[in-house]
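target-v2.cif follows; it contains mmCIF, C-alpha atoms.
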data_model
#
loop_
_atom_site.label_atom_id
_atom_site.label_comp_id
_atom_site.auth_asym_id
_atom_site.auth_seq_id
_atom_site.Cartn_x
_atom_site.Cartn_y
_atom_site.Cartn_z
CA MET A 1 99.66 122.16 80.97
CA ILE A 2 96.77 124.51 81.69
CA SER A 3 94.95 123.58 78.48
CA LEU A 4 95.23 119.89 79.37
CA ALA A 5 94.22 120.24 83.01
CA ASP A 6 91.93 123.23 83.14
CA GLY A 7 90.56 123.81 86.64
CA LYS A 8 92.89 121.25 88.19
CA ILE A 9 96.07 123.29 88.62
CA VAL A 10 96.67 125.14 91.87
CA ARG A 11 99.53 127.51 92.60
CA LYS A 12 100.65 126.77 96.15
CA ASP A 13 101.99 130.29 96.62
CA LEU A 14 98.46 131.63 96.11
CA THR A 15 97.13 129.19 98.69
CA LYS A 16 99.66 130.46 101.21
CA LYS A 17 98.97 134.08 100.30
CA ILE A 18 95.23 133.82 100.99
CA LYS A 19 95.58 131.36 103.87
CA GLU A 20 97.56 133.89 105.90
CA GLY A 21 94.55 136.16 106.10
CA ALA A 22 91.75 133.62 106.33
CA ASN A 23 91.02 130.75 108.70
CA VAL A 24 89.89 128.45 105.91
CA PRO A 25 90.81 124.77 105.30
CA VAL A 26 93.51 124.43 102.64
CA TYR A 27 91.44 122.07 100.45
CA VAL A 28 88.63 124.64 100.33
CA LEU A 29 91.08 127.29 99.15
CA GLU A 30 92.64 124.96 96.58
CA PHE A 31 89.23 124.02 95.21
CA LEU A 32 88.32 127.68 94.70
CA LEU A 33 91.73 128.61 93.29
CA GLY A 34 91.49 125.73 90.83
CA GLN A 35 88.16 127.12 89.65
CA TYR A 36 89.14 130.80 89.34
CA CYS A 37 92.94 130.99 88.97
CA SER A 38 93.75 128.23 86.50
CA SER A 39 95.72 130.45 84.12
CA ASP A 40 99.22 131.72 83.40
CA ASP A 41 97.91 135.23 82.75
CA GLU A 42 98.77 137.33 85.81
CA SER A 43 95.82 139.66 85.29
CA ILE A 44 93.40 136.71 85.20
CA ILE A 45 95.07 135.21 88.25
CA GLU A 46 94.80 138.46 90.18
CA LYS A 47 91.14 138.80 89.24
CA GLY A 48 90.61 135.20 90.27
CA VAL A 49 92.26 135.80 93.64
CA GLN A 50 89.93 138.71 94.27
CA ASN A 51 86.95 136.53 93.32
CA VAL A 52 88.10 133.86 95.77
CA LYS A 53 88.46 136.46 98.52
CA HIS A 54 84.97 137.77 97.82
CA ILE A 55 83.52 134.25 97.86
CA LEU A 56 85.18 133.52 101.18
CA ALA A 57 83.97 136.82 102.64
CA ASP A 58 80.39 136.33 101.44
CA ASN A 59 79.90 132.58 101.59
CA PHE A 60 82.35 130.89 103.96
CA VAL A 61 80.57 130.39 107.27
CA ARG A 62 82.49 131.43 110.36
CA PRO A 63 80.94 130.18 113.61
CA ASP A 64 80.79 133.67 115.13
CA GLU A 65 78.89 134.95 112.07
CA SER A 66 76.34 132.14 111.80
CA GLN A 67 73.40 134.28 112.90
CA LYS A 68 74.36 136.95 110.38
CA ILE A 69 74.31 134.35 107.59
CA LEU A 70 70.95 132.99 108.76
CA SER A 71 69.54 136.51 108.82
CA GLN A 72 70.73 137.11 105.24
CA LEU A 73 69.22 133.78 104.17
CA ARG A 74 65.87 134.67 105.73
CA LYS A 75 65.87 138.15 104.21
CA LYS A 76 66.90 137.16 100.67
CA GLY A 77 65.17 133.80 100.58
CA SER A 78 68.30 132.07 99.26
CA HIS A 79 72.01 132.10 99.96
CA THR A 80 75.07 130.04 99.04
CA ILE A 81 77.38 128.92 101.85
CA ILE A 82 80.60 126.94 102.31
CA ASP A 83 80.42 124.74 105.39
CA MET A 84 81.12 121.28 106.79
CA VAL A 85 78.02 119.16 106.17
CA THR A 86 77.10 115.93 107.95
CA VAL A 87 74.07 113.82 107.07
CA ARG A 88 72.15 111.46 109.36
CA LEU A 89 69.24 109.11 108.73
CA ASP A 90 66.13 109.62 110.86
CA MET A 91 64.62 106.12 110.84
CA LYS A 92 61.35 107.19 112.46
CA LYS A 93 60.67 109.75 109.73
CA ASP A 94 62.43 107.64 107.08
CA CYS A 95 64.43 110.50 105.58
CA PHE A 96 67.85 112.11 105.71
CA PHE A 97 68.70 115.34 107.50
CA ALA A 98 71.77 117.55 107.08
CA GLU A 99 73.66 119.32 109.83
CA PHE A 100 75.88 122.34 109.20
CA SER A 101 78.90 122.57 111.50
CA ASN A 102 79.76 126.28 111.44
CA LEU A 103 76.25 127.48 110.68
CA GLY A 104 75.03 125.62 113.76
CA VAL A 105 71.87 124.36 112.08
CA GLY A 106 70.52 120.81 111.93
CA ASN A 107 67.41 118.94 110.85
CA VAL A 108 67.61 120.34 107.32
CA PRO A 109 66.01 117.82 104.93
CA ILE A 110 68.25 116.61 102.13
CA ALA A 111 67.44 114.50 99.06
CA ASP A 112 68.39 110.82 99.34
CA GLU A 113 70.57 111.06 96.23
CA TYR A 114 73.25 113.13 97.98
CA PRO A 115 74.21 110.70 100.79
CA GLU A 116 73.78 107.80 98.36
CA LYS A 117 76.22 109.33 95.88
CA PHE A 118 78.56 110.95 98.42
CA ASP A 119 78.60 108.48 101.33
CA ARG A 120 81.26 110.45 103.19
CA LEU A 121 78.45 112.80 104.16
CA LEU A 122 77.36 109.98 106.45
CA CYS A 123 80.87 109.32 107.80
CA GLY A 124 81.88 112.44 109.70
CA GLY A 125 80.92 114.98 107.05
CA ILE A 126 82.68 116.86 104.26
CA TRP A 127 83.12 120.49 103.23
CA CYS A 128 80.58 121.51 100.62
CA ILE A 129 79.27 124.46 98.66
CA VAL A 130 75.54 124.54 99.37
CA GLN A 131 72.75 126.61 97.85
CA LEU A 132 70.12 127.13 100.54
CA ASP A 133 66.53 128.34 100.29
CA TYR A 134 64.40 129.76 103.10
CA GLU A 135 60.61 129.62 102.99
CA VAL A 136 58.24 129.83 105.90
CA GLU A 137 55.28 128.60 103.92
CA GLY A 138 55.05 126.45 100.84
CA ASP A 139 53.98 123.11 99.49
CA ASN A 140 55.06 119.85 101.01
CA ASN A 141 58.18 119.37 98.93
CA PHE A 142 59.82 122.27 100.84
CA GLY A 143 62.18 123.06 97.97
CA ILE A 144 63.95 119.70 98.17
CA GLU A 145 65.41 118.71 94.82
CA ASP A 146 67.39 115.75 93.58
CA ILE A 147 70.85 116.06 91.99
CA ASP A 148 69.30 116.78 88.59
CA GLY A 149 67.21 119.65 90.01
CA ASN A 150 63.88 117.84 89.96
CA PRO A 151 61.57 118.54 92.93
CA LEU A 152 61.11 115.74 95.46
CA ARG A 153 58.08 115.19 97.63
CA SER A 154 58.97 115.14 101.30
CA LYS A 155 57.79 112.19 103.35
CA GLN A 156 56.77 114.69 106.03
CA LYS A 157 53.47 116.48 105.64
CA LYS A 158 53.51 119.02 108.44
CA GLN A 159 55.42 122.27 108.10
CA LYS A 160 56.17 122.37 111.83
CA ASP A 161 58.08 119.10 111.56
CA ILE A 162 60.57 120.41 109.02
CA SER A 163 63.04 123.27 108.86
CA PRO A 164 62.17 126.33 106.78
CA ILE A 165 65.65 125.91 105.33
CA SER A 166 66.00 123.58 102.35
CA ILE A 167 68.89 122.53 100.14
CA ARG A 168 68.60 123.49 96.48
CA LYS A 169 72.01 122.13 95.47
CA LEU A 170 75.03 120.62 97.24
CA THR A 171 78.51 120.33 95.72
CA PRO A 172 81.15 118.44 97.74
CA ILE A 173 84.60 120.02 97.89
CA GLN A 174 86.63 117.21 99.48
CA MET A 175 85.40 114.42 97.23
CA PRO A 176 87.91 113.47 94.50
CA HIS A 177 86.77 114.41 90.99
CA VAL A 178 89.56 112.76 89.00
CA ASP A 179 88.82 111.23 85.63
CA ILE A 180 91.67 108.71 85.27
CA ASP A 181 91.09 108.26 81.54
CA GLU A 182 91.23 112.02 81.05
CA LEU A 183 94.44 112.15 83.10
CA LYS A 184 96.05 109.38 81.04
CA GLN A 185 95.04 111.09 77.81
CA GLY A 186 96.55 114.38 78.93
CA ARG A 187 99.73 112.61 80.03
CA LYS A 188 100.33 111.48 76.43
CA ALA A 189 100.97 115.10 75.47
CA PHE A 190 104.19 115.12 77.52
CA THR A 191 107.45 113.32 76.83
CA LYS A 192 110.18 112.12 79.16
CA ASP A 193 112.47 114.72 77.55
CA GLU A 194 110.40 117.36 79.37
CA TRP A 195 110.96 115.79 82.77
CA LEU A 196 113.26 117.64 85.12
CA PRO A 197 115.69 115.59 87.24
CA GLY A 198 114.89 115.29 90.90
CA ASN A 199 117.26 115.51 93.83
CA GLY A 200 116.26 112.55 95.96
CA LYS A 201 113.39 113.96 97.99
CA ILE A 202 110.27 112.21 99.19
CA GLU A 203 106.99 114.02 99.77
CA ARG A 204 104.19 112.38 101.74
CA THR A 205 100.60 113.55 101.97
CA GLY A 206 97.63 112.29 103.92
CA LEU A 207 99.46 111.58 107.18
CA GLY A 208 98.70 114.83 108.95
CA SER A 209 100.87 115.32 112.02
CA ASP A 210 101.27 111.62 112.90
CA SER A 211 104.96 111.37 113.80
CA LYS A 212 105.03 107.54 113.90
CA CYS A 213 103.65 107.29 110.38
CA LYS A 214 106.15 109.84 109.09
CA GLU A 215 108.99 107.97 110.80
CA ALA A 216 107.86 104.75 109.08
CA VAL A 217 107.97 106.50 105.68
CA ASN A 218 111.49 107.75 106.40
CA THR A 219 112.50 104.20 107.37
CA ALA A 220 111.30 102.89 104.01
CA PHE A 221 113.06 105.59 102.00
CA ASN A 222 116.33 105.22 103.90
CA TYR A 223 116.17 101.45 103.45
CA LEU A 224 115.66 101.94 99.70
CA LYS A 225 118.64 104.29 99.54
CA ALA A 226 120.86 101.69 101.18
CA ASN A 227 119.49 98.56 99.49
CA GLY A 228 117.85 99.67 96.25
CA ASN A 229 120.50 98.02 94.08
CA ARG A 230 119.63 94.64 95.64
CA ILE A 231 116.16 95.03 94.18
CA SER A 232 117.05 96.60 90.82
CA GLY A 233 119.98 98.51 89.42
CA SER A 234 117.57 100.92 87.71
CA ILE A 235 116.19 102.32 90.96
CA SER A 236 117.47 105.82 91.67
CA THR A 237 117.03 107.73 94.92
CA THR A 238 119.24 110.65 93.88
CA THR A 239 117.89 111.78 90.49
CA LYS A 240 114.18 111.26 91.15
CA ASP A 241 111.73 112.76 93.61
CA TYR A 242 108.92 110.63 95.01
CA ILE A 243 105.41 111.66 96.06
CA ILE A 244 103.16 109.25 97.95
CA ASN A 245 99.61 109.87 99.16
CA TYR A 246 98.21 107.81 102.02
CA GLN A 247 94.47 107.25 102.50
CA ASP A 248 92.50 105.71 105.34
CA LEU A 249 89.94 104.07 103.05
CA GLN A 250 88.19 102.15 105.83
CA GLY A 251 87.94 105.13 108.17
CA ILE A 252 89.38 103.15 111.10
CA GLY A 253 92.55 105.17 111.58
CA MET A 254 95.88 105.06 109.78
CA THR A 255 98.24 102.27 110.80
CA ASP A 256 101.82 103.21 111.63
CA LYS A 257 103.08 99.93 110.10
CA LEU A 258 103.89 101.72 106.85
CA ALA A 259 107.57 101.02 106.21
CA LEU A 260 107.12 97.87 104.10
CA PRO A 261 104.03 99.07 102.16
CA THR A 262 105.89 102.32 101.46
CA LEU A 263 108.98 100.45 100.26
CA ILE A 264 106.80 98.43 97.89
CA ALA A 265 105.09 101.59 96.64
CA LEU A 266 108.44 103.33 96.03
CA CYS A 267 109.74 100.35 94.06
CA SER A 268 106.50 100.20 92.09
CA ILE A 269 106.96 103.86 91.15
CA ALA A 270 110.65 103.51 90.33
CA LEU A 271 110.25 100.36 88.21
CA GLY A 272 106.92 101.27 86.61
CA LYS A 273 105.39 97.99 87.76
CA PRO A 274 101.95 97.96 89.43
CA VAL A 275 101.28 96.02 92.59
CA VAL A 276 99.35 92.78 91.98
CA SER A 277 95.61 93.26 92.24
CA ASN A 278 93.56 92.73 95.43
CA LEU A 279 96.71 92.47 97.57
CA ALA A 280 97.00 93.35 101.25
CA VAL A 281 100.50 93.84 102.67
CA LEU A 282 101.00 92.71 106.25
CA GLY A 283 104.05 92.95 108.48
CA ASP A 284 106.74 95.59 108.58
CA ILE A 285 110.49 96.10 108.53
CA THR A 286 113.08 98.05 110.49
CA ILE A 287 115.80 100.22 108.96
CA SER A 288 118.13 97.21 109.08
CA GLY A 289 115.61 95.01 107.24
CA THR A 290 114.49 92.97 110.24
CA MET A 291 110.97 91.64 109.71
CA ILE A 292 108.26 92.53 112.21
CA LYS A 293 105.40 90.09 112.76
CA VAL A 294 101.74 91.03 112.43
CA ASP A 295 99.97 92.14 115.61
CA GLU A 296 96.60 90.48 116.27
CA LEU A 297 96.77 88.41 113.10
CA ALA A 298 93.15 87.20 113.18
CA ASN A 299 91.72 90.71 113.57
CA THR A 300 94.05 92.06 110.89
CA LEU A 301 93.00 89.36 108.42
CA GLN A 302 89.37 90.15 109.14
CA VAL A 303 90.01 93.79 108.19
CA CYS A 304 91.68 92.55 104.98
CA LEU A 305 88.62 90.46 104.18
CA ASP A 306 86.24 93.34 104.87
CA SER A 307 88.36 95.53 102.56
CA GLY A 308 88.01 93.11 99.65
CA ALA A 309 91.54 91.66 99.66
CA LYS A 310 91.98 88.30 97.91
CA LYS A 311 95.73 87.89 98.42
CA VAL A 312 97.76 88.59 101.55
CA LEU A 313 101.51 89.15 101.69
CA ILE A 314 102.56 87.85 105.10
CA PRO A 315 105.97 87.59 106.86
CA SER A 316 107.33 84.19 107.88
CA THR A 317 107.65 85.55 111.43
CA SER A 318 103.85 85.37 111.73
CA PHE A 319 103.53 81.70 110.77
CA GLY A 320 103.45 80.70 114.44
CA ASP A 321 100.20 82.67 114.90
CA PHE A 322 98.25 80.78 112.24
CA ALA A 323 96.67 78.56 114.90
CA SER A 324 94.86 81.61 116.34
CA VAL A 325 93.09 82.33 113.04
CA PRO A 326 89.75 80.61 112.26
CA ALA A 327 90.06 78.12 109.42
CA ASP A 328 87.35 79.79 107.30
CA LEU A 329 89.17 83.12 107.56
CA MET A 330 92.49 81.58 106.54
CA SER A 331 90.91 79.85 103.56
CA ALA A 332 89.48 83.16 102.28
CA PHE A 333 92.90 84.30 101.03
CA GLN A 334 95.79 83.28 98.89
CA LEU A 335 98.60 83.66 101.43
CA ILE A 336 101.92 84.81 99.96
CA PRO A 337 104.83 84.34 102.41
CA TYR A 338 108.05 86.35 102.38
CA GLN A 339 111.27 86.12 104.36
CA SER A 340 112.91 89.46 103.49
CA ALA A 341 112.00 92.95 102.41
CA GLU A 342 113.39 92.32 98.94
CA GLU A 343 111.33 89.14 98.54
CA ALA A 344 108.24 91.03 99.67
CA VAL A 345 108.83 93.66 96.96
CA PHE A 346 109.33 91.05 94.24
CA LYS A 347 106.17 89.14 95.16
CA ALA A 348 104.08 92.30 95.58
CA LEU A 349 105.07 93.41 92.07
CA GLY A 350 104.61 89.97 90.57
CA VAL A 351 108.31 89.63 89.71
CA GLU A 352 109.68 86.08 89.63
#
This entry written out as structure tokens:
Amino acid sequence: MISLADGKIVRKDLTKKIKEGANVPVYVLEFLLGQYCSSDDESIIEKGVQNVKHILADNFVRPDESQKILSQLRKKGSHTIIDMVTVRLDMKKDCFFAEFSNLGVGNVPIADEYPEKFDRLLCGGIWCIVQLDYEVEGDNNFGIEDIDGNPLRSKQKKQKDISPISIRKLTPIQMPHVDIDELKQGRKAFTKDEWLPGNGKIERTGLGSDSKCKEAVNTAFNYLKANGNRISGSISTTTKDYIINYQDLQGIGMTDKLALPTLIALCSIALGKPVVSNLAVLGDITISGTMIKVDELANTLQVCLDSGAKKVLIPSTSFGDFASVPADLMSAFQLIPYQSAEEAVFKALGVE
């Protein structure tokens, strides 16, 4: 496993062990542990844990120690930090500036390539490992480099208009770095004979502490337990465990209408059938299977269009609201009606 996924395996017990003594986001810890503790050799793991602790002590910025870090940066001329970074565009100066949450510093020029490649820097910020330089005097590129390390000329010419702090290199921590082809290739090295039976649990990630969303997931799983055989006799909720990750791709907040989409996802996993491409799933179900109509149908369809959906799975209970939807918006989709949860699953998976 380690040879096939080097740097991508994280022992959760190590995360908990270090987390108890450090106020550090879990994904920051897991990123570092994946880099330094990806081994089954206990001595290497222990050495890696110590390295992670040293990195956190020396580089993780705590708000109450920000001035200490800035002093070290000024004295040494360079320093690597771990902080939440947000980027904004200054239209008057026609360049991007970075702001560091815990360090409490803003107006740090950053090369255009970073926000262009990692657009989440512009959408609330992400945790990053950043190599900073400090120079009071220098030429007008101020140490700004592109992703490949080549110096960039700043559009500002006056030293007083720019921070003495510059970014030499920025590495996002929260951005996914998954090579799907590499993952598929590594998966071929394992056989189903090596799988261990589950015990009917469902694990959900990405929902945070949202109780309504979690309740919707439970509704879907309980419905599958009670009605799975009506969809397929091969679906098991007792010998398999299920893991589902939820993502707010549009950054507009997670909907709590997750029961039906979760049911479809669970069936997709259990049957090994992908959901049809470019499909948006609208509507929801209760634990008894009652269909729930779509709230604010026109606005919801507009979100689907903005998200790139071409097909929309829609409950028959929402047909009465079609008159409220502009004709050009309706014509933008292939509408796929359903009258039951089971029919929704079949159509979402392309099963006749």
Query - Selection result of the PyMOL selection byres ((chain A and resi 302) around 12) on this file, as a PyMOL selection string - result: chain A and resi 280+296-301+303-310+312+325-326+328-333
For the residues in that selection, give me C-alpha atoms as a PDB file, in the coordinates of the input.
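Full text of again_31.pdb as output:
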ATOM      1  CA  ALA A 280      97.000  93.350 101.250  1.00  0.00           C
ATOM      2  CA  GLU A 296      96.600  90.480 116.270  1.00  0.00           C
ATOM      3  CA  LEU A 297      96.770  88.410 113.100  1.00  0.00           C
ATOM      4  CA  ALA A 298      93.150  87.200 113.180  1.00  0.00           C
ATOM      5  CA  ASN A 299      91.720  90.710 113.570  1.00  0.00           C
ATOM      6  CA  THR A 300      94.050  92.060 110.890  1.00  0.00           C
ATOM      7  CA  LEU A 301      93.000  89.360 108.420  1.00  0.00           C
ATOM      8  CA  VAL A 303      90.010  93.790 108.190  1.00  0.00           C
ATOM      9  CA  CYS A 304      91.680  92.550 104.980  1.00  0.00           C
ATOM     10  CA  LEU A 305      88.620  90.460 104.180  1.00  0.00           C
ATOM     11  CA  ASP A 306      86.240  93.340 104.870  1.00  0.00           C
ATOM     12  CA  SER A 307      88.360  95.530 102.560  1.00  0.00           C
ATOM     13  CA  GLY A 308      88.010  93.110  99.650  1.00  0.00           C
ATOM     14  CA  ALA A 309      91.540  91.660  99.660  1.00  0.00           C
ATOM     15  CA  LYS A 310      91.980  88.300  97.910  1.00  0.00           C
ATOM     16  CA  VAL A 312      97.760  88.590 101.550  1.00  0.00           C
ATOM     17  CA  VAL A 325      93.090  82.330 113.040  1.00  0.00           C
ATOM     18  CA  PRO A 326      89.750  80.610 112.260  1.00  0.00           C
ATOM     19  CA  ASP A 328      87.350  79.790 107.300  1.00  0.00           C
ATOM     20  CA  LEU A 329      89.170  83.120 107.560  1.00  0.00           C
ATOM     21  CA  MET A 330      92.490  81.580 106.540  1.00  0.00           C
ATOM     22  CA  SER A 331      90.910  79.850 103.560  1.00  0.00           C
ATOM     23  CA  ALA A 332      89.480  83.160 102.280  1.00  0.00           C
ATOM     24  CA  PHE A 333      92.900  84.300 101.030  1.00  0.00           C
TER      25      PHE A 333
END
Take the PyMOL selection byres ((chain A and resi 244) around 7), run it mentally on this structure, and tell me the resulting residues as a PDB file with C-alpha atoms, in the coordinates of the input.
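Heads up, here's the output in part11.pdb:
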ATOM      1  CA  GLU A 203     106.990 114.020  99.770  1.00  0.00           C
ATOM      2  CA  ARG A 204     104.190 112.380 101.740  1.00  0.00           C
ATOM      3  CA  THR A 205     100.600 113.550 101.970  1.00  0.00           C
ATOM      4  CA  TYR A 242     108.920 110.630  95.010  1.00  0.00           C
ATOM      5  CA  ILE A 243     105.410 111.660  96.060  1.00  0.00           C
ATOM      6  CA  ASN A 245      99.610 109.870  99.160  1.00  0.00           C
ATOM      7  CA  TYR A 246      98.210 107.810 102.020  1.00  0.00           C
TER       8      TYR A 246
END
Query - Who sits within 7 Å of segment 215-231 of chain A, all atoms listed in the file, same chain under 5 positions skipped, as a VMD selection string - result: chain A and resid 237 256 to 260 262 to 263 286 to 287 342
Query raised in the report: So, counting only C-alpha atoms, which residue among A:Gly320, A:Gly104, A:Gly251, A:Gly77 is closest to Ile167 of chain A?
Result: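 Under the stated criterion, the closest residue is A:Gly77.
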Query raised in the report: Which residues come within 8 Å of Ile165 of chain A, counting all atoms listed in the file, excluding same-chain residues fewer than 4 positions away, as a VMD selection string?
Result: chain A and resid 108 132 to 135
Report task. Given the file shown, determine the residues that the PyMOL selection byres ((chain A and resi 240) around 6) selects; report them as an MDAnalysis selection string. Result -> chainID A and resid 198:200 237:239 241
Query raised in the report: Between A:Cys95, A:Ile18, A:Leu249, A:Leu70, which has the minimum distance to Gly48 of chain A (counting all atoms listed in the file)?
Result: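 Looking at the shortest contact to Gly48 of chain A, the residue is A:Ile18.
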Query - From A:Leu313, A:Ile82, A:Leu121, A:Ile292, residue lying nearest Phe97 of chain A [only C-alpha atoms] - result: A:Leu121
